[in-house]
>>> print(open('target23.txt').read())   # compact mmCIF, C-alpha atoms and all ligand atoms
# COMPACT_ATOMS: atom_id res chain seq x y z
CA MET A 1 0.00 0.00 0.00
CA LYS A 2 1.21 3.54 -0.78
CA LYS A 3 2.24 5.77 2.14
CA ILE A 4 1.68 9.51 2.57
CA LYS A 5 3.33 11.54 5.32
CA VAL A 6 1.54 14.66 6.57
CA PHE A 7 3.92 17.14 8.23
CA ASP A 8 3.10 20.20 10.41
CA VAL A 9 -0.23 18.71 11.58
CA ARG A 10 -2.22 21.18 13.69
CA GLU A 11 -4.86 20.24 16.25
CA ASP A 12 -7.59 21.96 14.25
CA GLU A 13 -6.82 19.80 11.19
CA GLN A 14 -7.31 16.49 13.02
CA VAL A 15 -11.04 16.01 12.33
CA ALA A 16 -10.69 16.76 8.62
CA LEU A 17 -7.57 14.57 8.39
CA GLN A 18 -9.27 11.58 10.05
CA GLN A 19 -12.22 11.90 7.66
CA TRP A 20 -9.93 11.90 4.60
CA ILE A 21 -7.96 8.95 6.03
CA GLU A 22 -11.17 6.93 6.57
CA ARG A 23 -12.37 7.64 3.02
CA HIS A 24 -9.05 6.40 1.59
CA ALA A 25 -8.27 3.59 4.05
CA ASP A 26 -8.32 0.93 1.29
CA GLU A 27 -5.77 2.62 -0.96
CA VAL A 28 -3.27 4.54 1.14
CA GLU A 29 -1.69 4.63 4.59
CA VAL A 30 -1.33 8.10 6.12
CA ILE A 31 1.27 8.99 8.76
CA LEU A 32 0.69 12.20 10.73
CA THR A 33 3.32 14.29 12.49
CA GLU A 34 3.36 17.72 14.10
CA ASP A 35 7.01 18.03 13.08
CA SER A 36 8.22 19.96 10.06
CA LEU A 37 10.17 18.33 7.25
CA GLU A 38 13.75 18.60 8.44
CA GLY A 39 16.55 16.73 10.15
CA VAL A 40 15.64 13.20 11.07
CA HIS A 41 12.60 13.12 8.79
CA LEU A 42 14.80 13.55 5.74
CA GLU A 43 16.46 10.25 6.64
CA GLN A 44 13.15 8.43 7.09
CA LEU A 45 11.56 8.87 3.70
CA GLU A 46 12.55 5.60 1.96
CA ASP A 47 9.12 4.01 2.29
CA ILE A 48 7.14 7.24 1.79
CA ASP A 49 5.45 7.91 -1.58
CA GLY A 50 4.09 11.44 -1.07
CA VAL A 51 4.22 14.36 1.37
CA THR A 52 2.13 17.37 2.33
CA LEU A 53 3.48 20.30 4.36
CA SER A 54 2.08 23.39 6.02
CA GLN A 55 5.36 25.25 5.74
CA MET A 56 5.26 28.79 7.21
CA THR A 57 8.88 29.91 6.70
CA PRO A 58 11.28 29.53 3.75
CA ILE A 59 12.20 25.88 3.29
CA ASN A 60 15.83 24.83 2.83
CA PRO A 61 16.21 24.09 -0.93
CA GLU A 62 18.59 21.23 -0.05
CA TYR A 63 15.52 19.30 1.16
CA PHE A 64 14.26 19.10 -2.43
CA LYS A 65 17.26 16.96 -3.34
CA ALA A 66 16.66 14.69 -0.32
CA LEU A 67 13.05 14.17 -1.43
CA ALA A 68 14.06 13.42 -5.02
CA GLN A 69 16.67 10.92 -3.80
CA ASN A 70 13.80 9.09 -2.10
CA GLY A 71 11.66 9.13 -5.25
CA ILE A 72 9.33 11.91 -4.04
CA TYR A 73 8.87 14.57 -6.73
CA HIS A 74 5.91 16.54 -5.35
CA ILE A 75 5.16 18.64 -2.25
CA ALA A 76 1.54 19.56 -1.54
CA GLN A 77 1.49 22.78 0.52
CA ARG A 78 -1.62 23.20 2.68
CA SER A 79 -2.12 26.94 2.05
CA ALA A 80 -2.70 29.38 -0.79
CA GLY A 81 0.69 31.07 -0.31
CA PHE A 82 3.75 29.27 -1.68
CA ASP A 83 6.36 32.04 -1.36
CA MET A 84 8.25 29.87 1.18
CA TYR A 85 9.39 27.64 -1.70
CA ASP A 86 12.33 28.55 -3.92
CA LEU A 87 10.71 27.49 -7.20
CA PRO A 88 13.84 27.62 -9.40
CA ALA A 89 15.59 25.34 -6.85
CA ALA A 90 12.54 23.03 -6.80
CA ASN A 91 12.60 22.90 -10.60
CA GLU A 92 16.30 22.08 -10.59
CA ALA A 93 15.65 19.15 -8.25
CA GLY A 94 12.64 18.07 -10.34
CA ILE A 95 10.15 18.79 -7.52
CA LYS A 96 6.64 20.04 -8.26
CA ILE A 97 4.91 22.21 -5.64
CA SER A 98 1.13 22.41 -5.38
CA ASN A 99 -0.99 24.78 -3.26
CA VAL A 100 -4.67 25.39 -2.41
CA PRO A 101 -5.50 28.48 -4.46
CA SER A 102 -9.02 28.85 -3.10
CA TYR A 103 -10.33 27.05 -0.01
CA SER A 104 -13.51 28.88 0.86
CA PRO A 105 -14.09 32.29 -0.72
CA GLN A 106 -17.57 32.24 0.82
CA SER A 107 -16.05 32.17 4.34
CA ILE A 108 -14.08 35.37 3.75
CA ALA A 109 -16.96 37.10 1.97
CA GLU A 110 -19.36 36.23 4.81
CA PHE A 111 -16.86 37.55 7.38
CA ALA A 112 -16.56 40.87 5.52
CA VAL A 113 -20.34 41.17 5.62
CA THR A 114 -20.44 40.09 9.30
CA ARG A 115 -18.01 42.87 10.25
CA THR A 116 -19.93 45.40 8.17
CA LEU A 117 -23.11 44.46 10.05
CA ALA A 118 -21.27 44.73 13.39
CA LEU A 119 -20.07 48.25 12.55
CA VAL A 120 -23.38 49.42 11.11
CA ARG A 121 -25.43 48.07 14.05
CA HIS A 122 -22.81 48.98 16.73
CA THR A 123 -22.96 45.46 18.16
CA ASN A 124 -19.58 45.88 19.84
CA ARG A 125 -20.75 48.90 21.80
CA ILE A 126 -24.08 47.21 22.66
CA ASP A 127 -22.20 44.15 23.98
CA ARG A 128 -19.82 46.35 25.98
CA ASN A 129 -22.70 48.34 27.48
CA VAL A 130 -24.64 45.22 28.42
CA ALA A 131 -21.53 43.64 29.97
CA VAL A 132 -21.59 46.47 32.55
CA GLN A 133 -25.42 46.25 32.90
CA ASP A 134 -25.99 49.42 30.91
CA PHE A 135 -29.21 48.67 29.03
CA THR A 136 -29.92 52.21 27.82
CA TRP A 137 -30.65 53.34 24.27
CA ASP A 138 -28.92 56.33 22.73
CA LEU A 139 -27.70 57.58 19.37
CA SER A 140 -24.41 55.71 19.74
CA VAL A 141 -26.23 52.38 19.33
CA GLN A 142 -28.77 53.50 16.74
CA GLY A 143 -27.89 51.65 13.54
CA ARG A 144 -28.76 51.66 9.87
CA THR A 145 -30.00 48.97 7.53
CA ILE A 146 -27.60 47.43 5.03
CA GLU A 147 -30.43 47.85 2.51
CA SER A 148 -30.07 51.63 2.81
CA LEU A 149 -26.31 51.64 2.12
CA LYS A 150 -24.10 52.02 -0.92
CA ILE A 151 -21.38 49.38 -0.82
CA GLY A 152 -18.08 49.68 -2.71
CA VAL A 153 -16.25 46.46 -3.54
CA LEU A 154 -12.58 46.77 -4.53
CA GLY A 155 -11.70 43.61 -6.48
CA THR A 156 -14.43 41.32 -7.75
CA GLY A 157 -12.57 38.01 -8.04
CA ARG A 158 -13.46 34.85 -6.10
CA ILE A 159 -14.10 36.62 -2.78
CA GLY A 160 -15.21 40.12 -3.82
CA SER A 161 -17.84 38.72 -6.22
CA ARG A 162 -19.36 36.66 -3.39
CA ALA A 163 -19.33 39.62 -1.00
CA ALA A 164 -21.07 41.68 -3.71
CA LYS A 165 -23.75 38.99 -4.13
CA ILE A 166 -24.44 38.85 -0.37
CA PHE A 167 -24.70 42.65 -0.10
CA ASN A 168 -26.95 42.64 -3.16
CA GLY A 169 -29.10 40.02 -1.39
CA PHE A 170 -29.54 42.47 1.51
CA GLY A 171 -30.90 44.98 -1.00
CA ALA A 172 -27.88 47.33 -0.89
CA GLN A 173 -26.70 49.22 -3.96
CA VAL A 174 -23.35 47.65 -4.83
CA TYR A 175 -20.62 49.45 -6.78
CA ALA A 176 -17.24 47.99 -7.69
CA TYR A 177 -13.86 48.70 -9.20
CA ASP A 178 -11.73 45.94 -10.71
CA LEU A 179 -8.87 46.10 -13.24
CA GLU A 180 -10.78 43.41 -15.12
CA PRO A 181 -14.54 43.79 -14.67
CA ASN A 182 -16.53 40.55 -14.67
CA PRO A 183 -19.54 40.75 -17.07
CA GLU A 184 -21.24 37.91 -15.17
CA LEU A 185 -21.83 40.30 -12.25
CA GLU A 186 -24.18 42.49 -14.27
CA GLY A 187 -27.38 42.96 -12.29
CA ILE A 188 -25.48 42.42 -9.01
CA LEU A 189 -23.24 45.49 -9.08
CA THR A 190 -22.28 48.55 -11.11
CA TYR A 191 -18.64 48.99 -12.11
CA VAL A 192 -16.99 52.42 -11.90
CA ASP A 193 -13.80 53.49 -13.67
CA SER A 194 -11.40 54.05 -10.77
CA LEU A 195 -10.93 53.56 -7.05
CA GLU A 196 -11.23 57.34 -6.60
CA ASP A 197 -14.64 57.24 -8.31
CA LEU A 198 -15.66 54.30 -6.14
CA VAL A 199 -14.97 55.97 -2.77
CA LYS A 200 -16.71 59.27 -3.59
CA ASP A 201 -20.28 58.24 -2.82
CA ILE A 202 -20.25 54.96 -0.88
CA ASP A 203 -20.90 54.14 2.78
CA VAL A 204 -18.76 50.98 2.98
CA LEU A 205 -15.52 50.11 1.17
CA THR A 206 -14.67 46.40 1.30
CA LEU A 207 -11.24 45.31 0.02
CA HIS A 208 -10.72 42.10 -1.97
CA ILE A 209 -7.58 42.64 -4.08
CA PRO A 210 -4.34 40.64 -3.77
CA GLY A 211 -1.45 41.91 -1.64
CA SER A 212 0.95 42.08 -4.59
CA PRO A 213 3.82 44.62 -4.66
CA GLU A 214 1.82 46.75 -7.15
CA ASN A 215 -1.09 46.88 -4.69
CA LYS A 216 0.96 48.20 -1.75
CA HIS A 217 -1.05 51.01 -0.11
CA VAL A 218 -3.53 51.21 -3.01
CA VAL A 219 -5.94 52.48 -0.36
CA ASN A 220 -3.95 55.47 0.87
CA GLU A 221 -4.47 58.97 2.24
CA ALA A 222 -5.22 60.46 -1.20
CA VAL A 223 -7.92 57.85 -1.85
CA LEU A 224 -9.47 58.09 1.61
CA SER A 225 -9.50 61.90 1.33
CA GLN A 226 -11.92 61.56 -1.61
CA ALA A 227 -14.39 59.57 0.50
CA LYS A 228 -17.79 60.75 1.61
CA PRO A 229 -17.44 61.48 5.38
CA GLY A 230 -18.64 58.53 7.43
CA LEU A 231 -17.06 55.81 5.29
CA LEU A 232 -16.58 52.36 6.84
CA VAL A 233 -13.49 50.44 5.65
CA ILE A 234 -13.39 46.63 5.76
CA ASN A 235 -10.08 44.87 5.05
CA THR A 236 -10.19 41.08 4.80
CA ALA A 237 -7.70 41.10 1.88
CA ARG A 238 -4.06 41.70 2.80
CA GLY A 239 -2.70 44.24 5.26
CA VAL A 240 -0.36 45.75 2.71
CA VAL A 241 -3.17 47.03 0.44
CA LEU A 242 -4.24 49.56 3.11
CA ASP A 243 -1.98 52.32 4.44
CA THR A 244 -2.76 51.83 8.13
CA GLU A 245 -1.29 55.13 9.32
CA ALA A 246 -3.34 57.00 6.71
CA LEU A 247 -6.43 55.10 7.91
CA ILE A 248 -5.75 56.22 11.49
CA ARG A 249 -5.42 59.87 10.38
CA LYS A 250 -8.72 59.61 8.49
CA LEU A 251 -10.41 57.97 11.49
CA ASP A 252 -9.14 60.81 13.65
CA ASP A 253 -10.34 63.56 11.29
CA GLY A 254 -13.76 61.88 10.99
CA THR A 255 -13.63 61.06 7.26
CA VAL A 256 -13.66 57.38 8.15
CA ALA A 257 -16.30 56.52 10.77
CA GLY A 258 -15.14 52.98 11.47
CA ALA A 259 -13.04 50.11 10.21
CA ALA A 260 -12.77 46.34 10.45
CA ILE A 261 -9.26 45.02 10.02
CA ASP A 262 -8.73 41.25 9.63
CA THR A 263 -5.31 41.68 8.05
CA TYR A 264 -2.68 44.20 9.11
CA GLU A 265 0.51 45.09 7.27
CA ASN A 266 2.75 44.15 10.24
CA GLU A 267 0.59 41.28 11.50
CA GLY A 268 3.39 38.64 11.35
CA PRO A 269 4.59 38.76 14.97
CA PHE A 270 1.08 39.19 16.41
CA PHE A 271 -1.79 37.45 14.63
CA LYS A 272 -2.13 33.79 15.64
CA TYR A 273 -0.14 34.38 18.86
CA ASP A 274 -1.19 35.07 22.45
CA TRP A 275 0.09 38.49 23.54
CA THR A 276 -2.03 38.66 26.71
CA ASN A 277 -0.39 41.02 29.24
CA LYS A 278 2.66 41.59 27.04
CA PRO A 279 3.56 45.04 25.63
CA LEU A 280 2.80 45.01 21.89
CA GLU A 281 5.75 47.16 20.81
CA ASP A 282 3.87 48.14 17.66
CA SER A 283 2.59 51.67 18.06
CA VAL A 284 0.34 51.50 14.99
CA LEU A 285 -1.43 48.32 16.13
CA SER A 286 -1.67 49.69 19.70
CA HIS A 287 -3.15 52.91 18.35
CA LEU A 288 -5.71 50.97 16.29
CA LEU A 289 -6.70 48.94 19.36
CA GLU A 290 -7.42 52.18 21.23
CA HIS A 291 -10.06 53.13 18.66
CA GLU A 292 -13.53 52.01 19.77
CA ASN A 293 -14.75 52.24 16.19
CA VAL A 294 -12.11 49.81 14.85
CA LEU A 295 -12.78 46.08 14.97
CA ILE A 296 -9.64 43.99 14.77
CA SER A 297 -9.55 40.26 14.10
CA PRO A 298 -6.41 38.11 13.73
CA HIS A 299 -6.63 37.01 10.06
CA VAL A 300 -9.53 34.66 10.72
CA ALA A 301 -11.90 35.62 7.91
CA PHE A 302 -11.23 32.29 6.20
CA TYR A 303 -11.32 30.18 9.36
CA THR A 304 -14.34 27.89 9.09
CA ASP A 305 -14.93 24.13 9.14
CA GLU A 306 -15.36 24.24 5.36
CA ALA A 307 -12.07 26.04 4.79
CA VAL A 308 -10.06 23.74 7.07
CA GLN A 309 -11.63 20.70 5.38
CA ASN A 310 -10.62 22.03 1.95
CA LEU A 311 -7.12 22.91 3.19
CA VAL A 312 -6.72 19.24 4.15
CA ASP A 313 -8.65 17.49 1.36
CA ILE A 314 -7.28 19.36 -1.66
CA PRO A 315 -3.55 18.77 -0.90
CA LEU A 316 -4.15 15.11 0.07
CA ASP A 317 -6.13 14.55 -3.15
CA ASP A 318 -3.24 16.18 -5.02
CA VAL A 319 -0.68 13.91 -3.31
CA LEU A 320 -2.69 10.84 -4.31
CA SER A 321 -3.12 12.13 -7.85
CA TYR A 322 0.64 12.72 -8.15
CA ILE A 323 1.44 9.24 -6.81
CA HIS A 324 -0.88 7.60 -9.36
CA ASN A 325 -0.62 9.93 -12.37
CA GLN A 326 2.56 12.02 -11.81
CA THR A 327 0.43 15.14 -12.03
CA ALA A 328 -1.94 17.11 -9.79
CA ASP A 329 -4.47 19.91 -10.24
CA HIS A 330 -2.76 22.75 -8.39
CA ILE A 331 0.91 22.63 -9.41
CA VAL A 332 2.43 26.13 -9.21
CA ASN A 333 5.66 25.28 -11.16
CA PRO A 334 4.33 23.11 -14.03
P1 LIG B 1 -8.81 36.87 -6.93
O1 LIG B 1 -7.49 36.77 -7.60
O2 LIG B 1 -9.85 35.85 -7.23
O3 LIG B 1 -9.45 38.32 -7.22
C1 LIG B 1 -8.73 39.50 -7.09
C2 LIG B 1 -9.37 40.53 -8.01
O4 LIG B 1 -8.75 41.79 -7.75
C3 LIG B 1 -9.18 40.24 -9.51
O5 LIG B 1 -10.45 40.30 -10.15
C4 LIG B 1 -8.23 41.34 -9.99
O6 LIG B 1 -8.49 41.76 -11.33
C5 LIG B 1 -8.54 42.45 -9.02
N1 LIG B 1 -7.46 43.42 -8.80
C6 LIG B 1 -6.14 43.18 -8.55
N2 LIG B 1 -5.49 44.31 -8.31
C7 LIG B 1 -6.40 45.32 -8.42
C8 LIG B 1 -6.33 46.73 -8.27
N3 LIG B 1 -5.18 47.35 -7.96
N4 LIG B 1 -7.46 47.44 -8.46
C9 LIG B 1 -8.62 46.83 -8.78
N5 LIG B 1 -8.76 45.49 -8.92
C10 LIG B 1 -7.65 44.75 -8.72
O7 LIG B 1 -8.48 36.92 -5.36
P2 LIG B 1 -9.39 36.35 -4.18
O8 LIG B 1 -9.19 34.88 -4.06
O9 LIG B 1 -10.77 36.91 -4.33
O10 LIG B 1 -8.65 37.01 -2.91
C11 LIG B 1 -8.82 38.38 -2.59
C12 LIG B 1 -7.99 38.75 -1.37
O11 LIG B 1 -8.40 38.00 -0.22
C13 LIG B 1 -6.49 38.46 -1.52
O12 LIG B 1 -5.77 39.56 -0.98
C14 LIG B 1 -6.27 37.26 -0.64
O13 LIG B 1 -4.93 37.22 -0.17
C15 LIG B 1 -7.24 37.57 0.49
N6 LIG B 1 -7.54 36.44 1.38
C16 LIG B 1 -7.79 36.71 2.70
C17 LIG B 1 -8.05 35.69 3.62
C18 LIG B 1 -8.37 35.97 5.06
O14 LIG B 1 -8.55 35.04 5.85
N7 LIG B 1 -8.47 37.23 5.48
C19 LIG B 1 -8.03 34.36 3.16
C20 LIG B 1 -7.80 34.10 1.81
C21 LIG B 1 -7.57 35.15 0.92
>>> encode(input="target23.txt", output="structure tokens")
Amino acid sequence: MKKIKVFDVREDEQVALQQWIERHADEVEVILTEDSLEGVHLEQLEDIDGVTLSQMTPINPEYFKALAQNGIYHIAQRSAGFDMYDLPAANEAGIKISNVPSYSPQSIAEFAVTRTLALVRHTNRIDRNVAVQDFTWDLSVQGRTIESLKIGVLGTGRIGSRAAKIFNGFGAQVYAYDLEPNPELEGILTYVDSLEDLVKDIDVLTLHIPGSPENKHVVNEAVLSQAKPGLLVINTARGVVLDTEALIRKLDDGTVAGAAIDTYENEGPFFKYDWTNKPLEDSVLSHLLEHENVLISPHVAFYTDEAVQNLVDIPLDDVLSYIHNQTADHIVNP
């Protein structure tokens, strides 16, 4: 029977992994380890036919040669990002890398809408008031309907198009800007010609463009200065697309009335880690946390049962496909 080794196993992947293992019990044996591929594991690959990793940091290119020497020519990475792999070095060693380009766009779209609702209906403030037994009503908790709002979607790919459809379902007027408009979204949204045009007359700006070098600080002070006062900014894309210091200035001058930040440009040392009772040593993040009208979440927009299942199933299916057919669906260096 063929053998697959799953490295970097996290607790939250266990249920999805066991389900995949049960479904494939007749054809493949699966070995799980919390360890990363390094050291002793490189010497224990003789009887292994395929591997999947959840590599977070750059991987030593020498490992590619060790895999190839053991007849393993494919690594299935359990994430969308694959920048931790030196692709020319992988090519030189004859190793194909696959990723999971899309694991649950609906999860991220729904989270963007959830945070919009929280800002519009002031649920954070209501919860805080009730926690101290303050049950009063006042203007600070009086909300608006989504139906009454104009929503601006920046980027209408896999995630932005779904966010647009949900907002459209609420009855909102949805506007969008994308470098490549999608004609299939006619009837759901109206495209405008630039980001500056988009921000002029909307109530909510939700970001869904990639964090590529060209998109660094696409949403900057100049753009936010064009906005109708009272704008809400939702970032579930990548921290780098939003100039955080410009956002803070615009929150402070009242142009931006609130923001929901799931990704932050310097999130690396913080998001996913417990910083309870430790000084943050990041004045921008600390400053954001002081703003009552800013909701911060630690890059969890994707984090649902469905997404974790796909992040396990798709790479394992790809490993099996590569073992049997020497090809897989999501190879990034074909
Ligand atoms: P996608 O590639 O399907 O769509 C991106 C769209 O943005 C494309 O239509 C493209 O034409 C458009 N675009 C790119 N640059 C643009 C620009 N400067 N101006 C206007 N349009 C532009 O991407 P996706 O899968 O929908 O992902 C969107 C974002 O969500 C990415 O930044 C991704 O990293 C992020 N994401 C976040 C999480 C999370 O948990 N918060 C999880 C997964 C993905």
>>> closest_residue(input="target23.txt", among="A:Ala89, A:Leu311, A:Ala25, A:Val132", to="ligand LIG 1 (chain B)", atoms="all atoms listed in the file")
A:Leu311
>>> closest_atom_pairs(input="target23.txt", of="region 87-110 of chain A", to="region 33-56 of chain A", cutoff="12 Å", atoms="only C-alpha atoms", output="JSON lines")
{"residue": "A:Ile95", "atom": "CA", "partner": "A:Gly50", "partner_atom": "CA", "distance": 11.5}
{"residue": "A:Lys96", "atom": "CA", "partner": "A:Val51", "partner_atom": "CA", "distance": 11.4}
{"residue": "A:Ile97", "atom": "CA", "partner": "A:Thr52", "partner_atom": "CA", "distance": 9.7}
{"residue": "A:Ser98", "atom": "CA", "partner": "A:Thr52", "partner_atom": "CA", "distance": 9.3}
{"residue": "A:Asn99", "atom": "CA", "partner": "A:Thr52", "partner_atom": "CA", "distance": 9.8}
{"residue": "A:Val100", "atom": "CA", "partner": "A:Ser54", "partner_atom": "CA", "distance": 11.0}
>>> closest_residue(input="target23.txt", among="A:Pro183, A:Pro210, A:Pro334, A:Pro279", to="ligand LIG 1 (chain B)", atoms="all atoms listed in the file")
A:Pro210
>>> closest_residue(input="target23.txt", among="A:Val113, A:His324, A:Leu139, A:Asn220", to="Ala172 (chain A)", atoms="only C-alpha atoms")
A:Val113
>>> residues_around(input="target23.txt", residues="His291 (chain A)", least_positions_apart="2", cutoff="12 Å", atoms="only C-alpha atoms", output="PyMOL selection string")
chain A and resi 125+247-249+251-252+256-261+284-289+293-296
>>> closest_atom_pairs(input="target23.txt", of="chain A", to="ligand LIG 1 (chain B)", cutoff="7 Å", atoms="all atoms listed in the file", output="Markdown table")
| residue | atom | partner | partner_atom | distance |
| --- | --- | --- | --- | --- |
| A:Ser102 | CA | B:LIG1 | O8 | 6.1 |
| A:Pro105 | CA | B:LIG1 | O8 | 6.5 |
| A:Ile108 | CA | B:LIG1 | C18 | 5.9 |
| A:Leu154 | CA | B:LIG1 | C9 | 5.8 |
| A:Gly155 | CA | B:LIG1 | O4 | 3.7 |
| A:Thr156 | CA | B:LIG1 | O5 | 4.8 |
| A:Gly157 | CA | B:LIG1 | O3 | 3.2 |
| A:Arg158 | CA | B:LIG1 | O9 | 3.8 |
| A:Ile159 | CA | B:LIG1 | O9 | 3.7 |
| A:Gly160 | CA | B:LIG1 | O9 | 5.5 |
| A:Tyr177 | CA | B:LIG1 | C9 | 5.6 |
| A:Asp178 | CA | B:LIG1 | N5 | 3.5 |
| A:Leu179 | CA | B:LIG1 | N5 | 4.4 |
| A:Glu180 | CA | B:LIG1 | O6 | 4.7 |
| A:His208 | CA | B:LIG1 | C11 | 4.2 |
| A:Ile209 | CA | B:LIG1 | O4 | 3.9 |
| A:Pro210 | CA | B:LIG1 | O12 | 3.3 |
| A:Gly211 | CA | B:LIG1 | O12 | 5.0 |
| A:Asn215 | CA | B:LIG1 | N3 | 5.3 |
| A:Val218 | CA | B:LIG1 | N3 | 6.5 |
| A:Thr236 | CA | B:LIG1 | N7 | 4.3 |
| A:Ala237 | CA | B:LIG1 | O12 | 3.8 |
| A:Arg238 | CA | B:LIG1 | O12 | 4.7 |
| A:Asp262 | CA | B:LIG1 | N7 | 5.8 |
| A:Thr263 | CA | B:LIG1 | N7 | 6.0 |
| A:His299 | CA | B:LIG1 | N7 | 4.9 |
| A:Val300 | CA | B:LIG1 | O14 | 5.0 |
| A:Ala301 | CA | B:LIG1 | O14 | 4.0 |
| A:Phe302 | CA | B:LIG1 | O14 | 3.9 |
| A:Tyr303 | CA | B:LIG1 | O14 | 6.6 |
>>> closest_residue(input="target23.txt", among="A:Thr255, A:Thr206, A:Asn182, A:Asn277", to="Val233 (chain A)", atoms="all atoms listed in the file")
A:Thr206
>>> residues_around(input="target23.txt", residues="region 84-88 of chain A", least_positions_apart="4", cutoff="10 Å", atoms="all atoms listed in the file", output="short mmCIF file (atom, residue, chain, number, x, y, z; two decimals) with C-alpha atoms, in the coordinates of the input")
data_model
loop_
_atom_site.label_atom_id
_atom_site.label_comp_id
_atom_site.auth_asym_id
_atom_site.auth_seq_id
_atom_site.Cartn_x
_atom_site.Cartn_y
_atom_site.Cartn_z
CA GLN A 55 5.36 25.25 5.74
CA MET A 56 5.26 28.79 7.21
CA THR A 57 8.88 29.91 6.70
CA PRO A 58 11.28 29.53 3.75
CA ILE A 59 12.20 25.88 3.29
CA ASN A 60 15.83 24.83 2.83
CA PRO A 61 16.21 24.09 -0.93
CA PHE A 64 14.26 19.10 -2.43
CA ILE A 75 5.16 18.64 -2.25
CA GLN A 77 1.49 22.78 0.52
CA GLU A 92 16.30 22.08 -10.59
CA ALA A 93 15.65 19.15 -8.25
CA GLY A 94 12.64 18.07 -10.34
CA ILE A 95 10.15 18.79 -7.52
CA LYS A 96 6.64 20.04 -8.26
CA ILE A 97 4.91 22.21 -5.64
CA VAL A 332 2.43 26.13 -9.21
CA ASN A 333 5.66 25.28 -11.16
#
>>> atom_distance(input="target23.txt", atom1="CA of Gln309 (chain A)", atom2="CA of Arg162 (chain A)")
19.8 Å
>>> closest_residue(input="target23.txt", among="A:Ala246, A:His330, A:Lys278, A:Asn124", to="Ser225 (chain A)", atoms="all atoms listed in the file")
A:Ala246
>>> atom_distance(input="target23.txt", atom1="CA of Asn310 (chain A)", atom2="CA of Ala80 (chain A)")
11.1 Å
>>> closest_residue(input="target23.txt", among="A:Ala68, A:Glu27, A:Leu198, A:Ser107", to="Ala90 (chain A)", atoms="only C-alpha atoms")
A:Ala68
